[in-house]
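Source file: target_13.pdb; contents: PDB, C-alpha atoms.
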ATOM      1  CA  LEU A 411    -180.198  10.620 279.989
ATOM      2  CA  THR A 412    -183.367   9.979 277.997
ATOM      3  CA  GLU A 413    -181.276   8.277 275.295
ATOM      4  CA  GLY A 414    -179.676   6.163 278.008
ATOM      5  CA  ILE A 415    -183.092   4.981 279.181
ATOM      6  CA  VAL A 416    -184.043   4.028 275.611
ATOM      7  CA  ALA A 417    -180.692   2.263 275.150
ATOM      8  CA  CYS A 418    -181.271   0.203 278.303
ATOM      9  CA  ASP A 419    -184.541  -1.042 276.830
ATOM     10  CA  ARG A 420    -182.890  -1.826 273.474
ATOM     11  CA  VAL A 421    -180.149  -3.967 274.941
ATOM     12  CA  GLY A 422    -182.709  -5.994 276.814
ATOM     13  CA  HIS A 423    -182.187  -4.803 280.368
ATOM     14  CA  GLY A 424    -185.934  -4.993 280.833
ATOM     15  CA  ARG A 425    -188.313  -2.856 282.848
ATOM     16  CA  THR A 426    -187.018  -4.098 286.210
ATOM     17  CA  HIS A 427    -183.335  -3.356 285.721
ATOM     18  CA  PRO A 428    -181.848  -0.959 288.363
ATOM     19  CA  ALA A 429    -180.079   1.055 285.628
ATOM     20  CA  ILE A 430    -183.432   2.373 284.359
ATOM     21  CA  ALA A 431    -184.577   3.521 287.814
ATOM     22  CA  ASN A 432    -181.191   5.171 288.366
ATOM     23  CA  LEU A 433    -181.419   7.017 285.039
ATOM     24  CA  PHE A 434    -184.890   8.286 285.861
ATOM     25  CA  ARG A 435    -183.578   9.456 289.231
ATOM     26  CA  ARG A 436    -180.778  11.407 287.560
ATOM     27  CA  LEU A 437    -183.225  12.797 284.997
ATOM     28  CA  ALA A 438    -185.517  13.988 287.798
ATOM     29  CA  ILE A 439    -182.652  15.726 289.629
ATOM     30  CA  VAL A 440    -181.403  17.427 286.441
ATOM     31  CA  ASN A 441    -184.908  18.713 285.681
ATOM     32  CA  VAL A 442    -185.412  19.913 289.256
ATOM     33  CA  ARG A 443    -182.190  21.917 289.173
ATOM     34  CA  HIS A 444    -182.053  23.111 285.584
ATOM     35  CA  GLY A 445    -185.079  22.071 283.581
ATOM     36  CA  ASP A 446    -188.821  21.724 283.479
ATOM     37  CA  PRO A 447    -190.440  21.376 286.955
ATOM     38  CA  TRP A 448    -193.360  19.377 285.552
ATOM     39  CA  GLU A 449    -190.993  16.962 283.802
ATOM     40  CA  ALA A 450    -188.979  16.669 287.022
ATOM     41  CA  GLU A 451    -192.061  15.559 288.940
ATOM     42  CA  ARG A 452    -192.998  13.115 286.160
ATOM     43  CA  SER A 453    -189.473  11.639 286.123
ATOM     44  CA  ALA A 454    -189.486  11.297 289.903
ATOM     45  CA  GLU A 455    -192.773   9.401 289.837
ATOM     46  CA  ARG A 456    -191.491   7.072 287.102
ATOM     47  CA  CYS A 457    -188.253   6.529 289.029
ATOM     48  CA  VAL A 458    -190.207   5.430 292.106
ATOM     49  CA  GLU A 459    -192.441   3.253 289.906
ATOM     50  CA  TYR A 460    -189.442   1.475 288.328
ATOM     51  CA  GLN A 461    -187.776   0.982 291.702
ATOM     52  CA  ILE A 462    -190.922  -0.594 293.168
ATOM     53  CA  ARG A 463    -191.265  -2.816 290.086
ATOM     54  CA  ARG A 464    -187.632  -3.925 290.402
ATOM     55  CA  ILE A 465    -187.865  -4.726 294.128
ATOM     56  CA  GLY A 466    -191.378  -6.122 294.009
ATOM     57  CA  ARG A 467    -192.918  -4.126 296.876
ATOM     58  CA  LYS A 468    -193.402  -0.554 298.067
ATOM     59  CA  GLU A 469    -192.273  -0.930 301.678
ATOM     60  CA  HIS A 470    -188.539  -1.240 301.097
ATOM     61  CA  PRO A 471    -185.602   0.863 302.423
ATOM     62  CA  GLU A 472    -184.351   1.609 298.878
ATOM     63  CA  VAL A 473    -187.713   3.074 297.869
ATOM     64  CA  ASP A 474    -187.807   5.048 301.120
ATOM     65  CA  ASP A 475    -184.304   6.434 300.536
ATOM     66  CA  LEU A 476    -185.195   7.365 296.962
ATOM     67  CA  CYS A 477    -188.357   9.264 297.964
ATOM     68  CA  HIS A 478    -186.517  10.947 300.835
ATOM     69  CA  SER A 479    -183.685  12.264 298.652
ATOM     70  CA  LEU A 480    -186.037  13.377 295.852
ATOM     71  CA  GLY A 481    -188.135  15.211 298.435
ATOM     72  CA  HIS A 482    -185.058  17.145 299.521
ATOM     73  CA  GLU A 483    -184.229  17.972 295.894
ATOM     74  CA  PHE A 484    -187.685  19.453 295.337
ATOM     75  CA  ALA A 485    -187.716  21.284 298.669
ATOM     76  CA  SER A 486    -184.293  22.840 298.045
ATOM     77  CA  LEU A 487    -185.815  24.790 295.143
ATOM     78  CA  LYS A 488    -189.102  25.473 296.958
ATOM     79  CA  ARG A 489    -191.088  23.004 294.858
ATOM     80  CA  TRP A 490    -193.355  22.285 297.796
ATOM     81  CA  GLU A 491    -196.092  20.175 296.212
ATOM     82  CA  PRO A 492    -193.840  17.452 294.712
ATOM     83  CA  ALA A 493    -191.673  17.509 297.865
ATOM     84  CA  LEU A 494    -194.798  16.852 299.905
ATOM     85  CA  LYS A 495    -195.752  13.956 297.626
ATOM     86  CA  MET A 496    -192.331  12.330 297.974
ATOM     87  CA  TRP A 497    -192.240  12.700 301.759
ATOM     88  CA  ASN A 498    -195.782  11.398 302.092
ATOM     89  CA  LYS A 499    -194.593   8.254 300.303
ATOM     90  CA  CYS A 500    -191.709   8.094 302.805
ATOM     91  CA  PHE A 501    -194.133   8.416 305.701
ATOM     92  CA  GLN A 502    -196.293   5.559 304.417
ATOM     93  CA  ILE A 503    -193.258   3.297 304.018
ATOM     94  CA  ARG A 504    -191.725   4.097 307.402
ATOM     95  CA  ASN A 505    -195.026   3.903 309.225
ATOM     96  CA  ALA A 506    -195.650   0.454 307.713
ATOM     97  CA  THR A 507    -192.136  -0.919 308.341
ATOM     98  CA  LEU A 508    -190.980   0.846 311.510
ATOM     99  CA  GLY A 509    -194.189   1.818 313.308
ATOM    100  CA  MET A 510    -195.539   5.239 314.186
ATOM    101  CA  GLN A 511    -193.415   5.644 317.327
ATOM    102  CA  HIS A 512    -190.041   5.522 315.573
ATOM    103  CA  PRO A 513    -187.584   8.456 315.333
ATOM    104  CA  GLU A 514    -187.272   8.034 311.553
ATOM    105  CA  VAL A 515    -191.040   8.501 311.215
ATOM    106  CA  ALA A 516    -190.756  11.667 313.309
ATOM    107  CA  CYS A 517    -188.044  12.913 310.929
ATOM    108  CA  ILE A 518    -190.463  12.725 307.980
ATOM    109  CA  LEU A 519    -193.239  14.386 309.994
ATOM    110  CA  ASP A 520    -190.804  17.217 310.706
ATOM    111  CA  HIS A 521    -190.058  17.613 306.974
ATOM    112  CA  VAL A 522    -193.762  17.628 306.105
ATOM    113  CA  ALA A 523    -194.488  20.217 308.809
ATOM    114  CA  GLY A 524    -191.779  22.483 307.405
ATOM    115  CA  VAL A 525    -193.261  22.235 303.905
ATOM    116  CA  LEU A 526    -196.786  22.952 305.183
ATOM    117  CA  ALA A 527    -195.500  26.015 307.039
ATOM    118  CA  ALA A 528    -193.713  27.235 303.902
ATOM    119  CA  MET A 529    -196.978  26.794 301.956
ATOM    120  CA  GLY A 530    -198.786  28.988 304.491
ATOM    121  CA  GLN A 531    -200.839  26.138 305.954
ATOM    122  CA  VAL A 532    -199.866  26.990 309.524
ATOM    123  CA  ASP A 533    -202.692  25.126 311.286
ATOM    124  CA  LYS A 534    -201.764  21.893 309.499
ATOM    125  CA  ALA A 535    -198.076  22.563 310.200
ATOM    126  CA  ILE A 536    -198.833  22.925 313.921
ATOM    127  CA  ALA A 537    -200.802  19.662 313.966
ATOM    128  CA  MET A 538    -197.990  17.844 312.129
ATOM    129  CA  THR A 539    -195.308  19.289 314.432
ATOM    130  CA  GLU A 540    -197.303  18.198 317.474
ATOM    131  CA  ARG A 541    -197.436  14.646 316.054
ATOM    132  CA  CYS A 542    -193.683  14.790 315.451
ATOM    133  CA  LEU A 543    -193.074  16.086 318.982
ATOM    134  CA  HIS A 544    -195.223  13.352 320.546
ATOM    135  CA  THR A 545    -193.299  10.689 318.605
ATOM    136  CA  ARG A 546    -189.942  12.114 319.672
ATOM    137  CA  ILE A 547    -190.970  12.391 323.316
ATOM    138  CA  THR A 548    -192.112   8.749 323.230
ATOM    139  CA  SER A 549    -189.117   7.353 321.345
ATOM    140  CA  LEU A 550    -186.261   9.647 322.410
ATOM    141  CA  GLY A 551    -187.272  11.447 325.606
ATOM    142  CA  ASP A 552    -185.021  14.414 326.411
ATOM    143  CA  HIS A 553    -183.067  14.753 323.168
ATOM    144  CA  THR A 554    -181.800  17.587 320.989
ATOM    145  CA  LEU A 555    -184.311  16.566 318.297
ATOM    146  CA  THR A 556    -187.121  16.824 320.849
ATOM    147  CA  ALA A 557    -185.874  20.312 321.700
ATOM    148  CA  ASP A 558    -185.867  21.176 317.989
ATOM    149  CA  SER A 559    -189.543  20.174 317.731
ATOM    150  CA  TYR A 560    -190.425  22.320 320.749
ATOM    151  CA  GLY A 561    -188.547  25.211 319.125
ATOM    152  CA  MET A 562    -190.326  24.800 315.797
ATOM    153  CA  LEU A 563    -193.698  24.629 317.537
ATOM    154  CA  ALA A 564    -192.855  27.797 319.466
ATOM    155  CA  GLY A 565    -192.126  29.619 316.213
ATOM    156  CA  LEU A 566    -195.411  28.481 314.680
ATOM    157  CA  TRP A 567    -197.420  29.569 317.727
ATOM    158  CA  ARG A 568    -195.635  32.911 317.715
ATOM    159  CA  ASN A 569    -196.613  33.418 314.074
ATOM    160  CA  GLN A 570    -200.196  32.761 315.171
ATOM    161  CA  SER A 571    -199.773  35.438 317.889
ATOM    162  CA  ASP A 572    -200.324  32.915 320.679
ATOM    163  CA  LEU A 573    -197.473  34.129 322.863
ATOM    164  CA  LEU A 574    -198.367  32.026 325.915
ATOM    165  CA  LYS A 575    -198.148  28.727 324.007
ATOM    166  CA  ALA A 576    -195.023  29.935 322.209
ATOM    167  CA  THR A 577    -193.366  30.795 325.538
ATOM    168  CA  TRP A 578    -194.284  27.437 327.083
ATOM    169  CA  CYS A 579    -192.835  25.521 324.117
ATOM    170  CA  LEU A 580    -189.678  27.619 324.034
ATOM    171  CA  ARG A 581    -189.109  27.123 327.763
ATOM    172  CA  LYS A 582    -189.352  23.351 327.255
ATOM    173  CA  CYS A 583    -186.860  23.676 324.378
ATOM    174  CA  SER A 584    -184.535  25.785 326.519
ATOM    175  CA  GLY A 585    -184.696  23.346 329.444
ATOM    176  CA  ILE A 586    -183.713  20.365 327.286
ATOM    177  CA  ARG A 587    -180.877  22.230 325.561
ATOM    178  CA  ASP A 588    -179.527  23.531 328.874
ATOM    179  CA  ARG A 589    -179.508  20.001 330.342
ATOM    180  CA  ILE A 590    -177.993  18.255 327.322
ATOM    181  CA  LEU A 591    -175.760  20.899 325.729
ATOM    182  CA  GLY A 592    -175.123  23.171 328.710
ATOM    183  CA  PRO A 593    -176.373  26.751 329.182
ATOM    184  CA  SER A 594    -173.254  28.197 327.530
ATOM    185  CA  HIS A 595    -173.771  26.320 324.241
ATOM    186  CA  LEU A 596    -174.587  28.476 321.216
ATOM    187  CA  LEU A 597    -177.994  26.834 320.635
ATOM    188  CA  ALA A 598    -178.915  27.264 324.305
ATOM    189  CA  CYS A 599    -177.904  30.927 324.179
ATOM    190  CA  GLN A 600    -179.946  31.487 321.029
ATOM    191  CA  THR A 601    -182.956  29.957 322.767
ATOM    192  CA  HIS A 602    -182.471  32.327 325.717
ATOM    193  CA  THR A 603    -182.415  35.234 323.259
ATOM    194  CA  HIS A 604    -185.695  34.078 321.692
ATOM    195  CA  LEU A 605    -187.201  33.869 325.181
ATOM    196  CA  VAL A 606    -186.213  37.483 325.788
ATOM    197  CA  ARG A 607    -187.908  38.526 322.557
ATOM    198  CA  LEU A 608    -191.052  36.663 323.538
ATOM    199  CA  ALA A 609    -190.964  38.305 326.958
ATOM    200  CA  LEU A 610    -190.711  41.690 325.247
ATOM    201  CA  ASP A 611    -193.693  40.851 323.055
ATOM    202  CA  ARG A 612    -195.721  39.739 326.050
ATOM    203  CA  ALA A 613    -194.712  42.791 328.090
ATOM    204  CA  THR A 614    -195.750  45.072 325.236
ATOM    205  CA  ALA A 615    -199.094  43.298 324.957
ATOM    206  CA  ALA A 616    -199.557  43.467 328.733
ATOM    207  CA  HIS A 617    -198.709  47.167 328.768
ATOM    208  CA  LEU A 618    -201.252  47.848 326.063
ATOM    209  CA  ALA A 619    -203.845  45.894 328.040
ATOM    210  CA  HIS A 620    -202.944  47.767 331.274
ATOM    211  CA  SER A 621    -201.888  44.575 332.986
ATOM    212  CA  SER A 622    -200.223  44.206 336.384
ATOM    213  CA  LEU A 623    -196.582  44.550 337.355
ATOM    214  CA  GLY A 624    -196.084  40.789 337.070
ATOM    215  CA  GLU A 625    -195.315  40.946 333.349
ATOM    216  CA  LEU A 626    -192.645  43.601 333.923
ATOM    217  CA  GLU A 627    -191.047  41.417 336.608
ATOM    218  CA  ALA A 628    -191.071  38.493 334.150
ATOM    219  CA  LEU A 629    -189.372  40.754 331.608
ATOM    220  CA  ARG A 630    -186.701  41.742 334.136
ATOM    221  CA  ASP A 631    -186.042  38.080 334.971
ATOM    222  CA  ALA A 632    -185.817  37.219 331.264
ATOM    223  CA  PHE A 633    -183.228  39.942 330.693
ATOM    224  CA  ARG A 634    -181.172  38.638 333.615
ATOM    225  CA  GLU A 635    -181.308  35.144 332.134
ATOM    226  CA  HIS A 636    -180.227  36.565 328.796
ATOM    227  CA  LEU A 637    -177.224  38.282 330.395
ATOM    228  CA  ARG A 638    -176.219  35.035 332.064
ATOM    229  CA  SER A 639    -176.468  33.252 328.710
ATOM    230  CA  LEU A 640    -173.984  35.682 327.198
ATOM    231  CA  THR A 641    -171.164  34.507 329.491
ATOM    232  CA  TRP A 642    -170.027  32.141 326.721
ATOM    233  CA  VAL A 643    -168.945  35.260 324.804
ATOM    234  CA  ARG A 644    -167.530  37.336 327.633
ATOM    235  CA  PRO A 645    -166.745  35.417 330.816
ATOM    236  CA  GLY A 646    -167.875  37.258 333.930
ATOM    237  CA  VAL A 647    -170.703  39.247 332.325
ATOM    238  CA  GLY A 648    -174.030  39.124 334.225
TER     239      GLY A 648
END
As structure tokens, how would this structure be written, given the file I've shared?
Amino acid sequence: LTEGIVACDRVGHGRTHPAIANLFRRLAIVNVRHGDPWEAERSAERCVEYQIRRIGRKEHPEVDDLCHSLGHEFASLKRWEPALKMWNKCFQIRNATLGMQHPEVACILDHVAGVLAAMGQVDKAIAMTERCLHTRITSLGDHTLTADSYGMLAGLWRNQSDLLKATWCLRKCSGIRDRILGPSHLLACQTHTHLVRLALDRATAAHLAHSSLGELEALRDAFREHLRSLTWVRPGVG
């Protein structure tokens, strides 16, 4: 691939020819999967640089698509830092061309939040997921992607041991999935199961704190809801 890049220069393709950007893209992917991680990041940056030079501006769909796909390549092998760099470039392009309240901007925010969570930066991941959720509520309303953001936020709050916020988010997720997909859909049933687990966690915490009977009644109701959700497996159960 490196020889191909040199050959392109020799035959006079010039520094703005799409073949050079494409070769750098392939070189970056090969290095991500099989080679030197540092060289992969360097090749990715040069690929983006050549693409911008060829098109003449940063805010272009081809540059966005390039950064988006390279970000996925890095993330697939848990190369979080370069993935974050690529997706930040995506965010800048989409924010400039589409506006902050666009579903495609929310998609990038979701990717960035996932990377931040994987890097252990949970507070930043929560803030980014909340931005993503706000954008999806504004642009999509009740939508499966909005439910996904509620679900991700619930998981992050649960990891922070804030069970009340986690439960609230998961109930919002469950409500949307029940309305759109139906309560017997696999995703809806999985959400019901997660609600049961959260109820168990809260009941355990309440028991340890010598709380009232209300938490136990909430646990009973959650188990009943869980049994009803299992009717997609065995009709008539619950």
*Nearest residue to Arg489 of chain A from the set A:Lys582, A:Arg443, A:Lys575, A:Arg612 (distances using all atoms listed in the file)*: A:Arg443
*Kindly resolve the PyMOL selection byres ((chain A and resi 497) around 12) on the present coordinates and return the residues as number ranges by chain.*
A: 473-485, 490-496, 498-505, 514-526
*Excluding Leu543 of chain A and any residue of its chain fewer than 4 positions from it, enumerate the residues within 9 Å of it, using only C-alpha atoms, and give them as a list in words.*
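Everything that qualifies: Ala516, Asp520, Met538, Thr539, Ile547, Thr548, Leu555, Thr556, Ala557, Asp558, Ser559, Tyr560 and Leu563 of chain A.
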_For this structure, which residues satisfy the selection - the PyMOL selection byres ((chain A and resi 588) around 12) - when it is evaluated on the file as given? I want them as number ranges by chain._
A: 552-554, 557, 580-587, 589-602, 639
Kindly resolve the PyMOL selection byres ((chain A and resi 439) around 9) on the present coordinates and return the residues as a PDB file with C-alpha atoms, keeping the file's coordinate frame.
ATOM      1  CA  PHE A 434    -184.890   8.286 285.861  1.00  0.00           C
ATOM      2  CA  ARG A 435    -183.578   9.456 289.231  1.00  0.00           C
ATOM      3  CA  ARG A 436    -180.778  11.407 287.560  1.00  0.00           C
ATOM      4  CA  LEU A 437    -183.225  12.797 284.997  1.00  0.00           C
ATOM      5  CA  ALA A 438    -185.517  13.988 287.798  1.00  0.00           C
ATOM      6  CA  VAL A 440    -181.403  17.427 286.441  1.00  0.00           C
ATOM      7  CA  ASN A 441    -184.908  18.713 285.681  1.00  0.00           C
ATOM      8  CA  VAL A 442    -185.412  19.913 289.256  1.00  0.00           C
ATOM      9  CA  ARG A 443    -182.190  21.917 289.173  1.00  0.00           C
ATOM     10  CA  HIS A 444    -182.053  23.111 285.584  1.00  0.00           C
ATOM     11  CA  ALA A 450    -188.979  16.669 287.022  1.00  0.00           C
ATOM     12  CA  SER A 453    -189.473  11.639 286.123  1.00  0.00           C
ATOM     13  CA  ALA A 454    -189.486  11.297 289.903  1.00  0.00           C
ATOM     14  CA  LEU A 480    -186.037  13.377 295.852  1.00  0.00           C
ATOM     15  CA  GLU A 483    -184.229  17.972 295.894  1.00  0.00           C
ATOM     16  CA  PHE A 484    -187.685  19.453 295.337  1.00  0.00           C
TER      17      PHE A 484
END
*Interatomic distance (Å, one decimal) between atom CA of Asn569 of chain A and atom CA of Met510 of chain A*: 28.2 Å
*Could you tell me how far atom CA of Arg568 of chain A lies from atom CA of Lys488 of chain A, in Å and to one decimal?*
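We find that atom CA of Arg568 of chain A and atom CA of Lys488 of chain A lie 23.0 Å from each other.
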*Expressed in Å to a single decimal, how great is the separation between atom CA of Gln570 of chain A and atom CA of Ala528 of chain A?*
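Distance between the two atoms: 14.1 Å.
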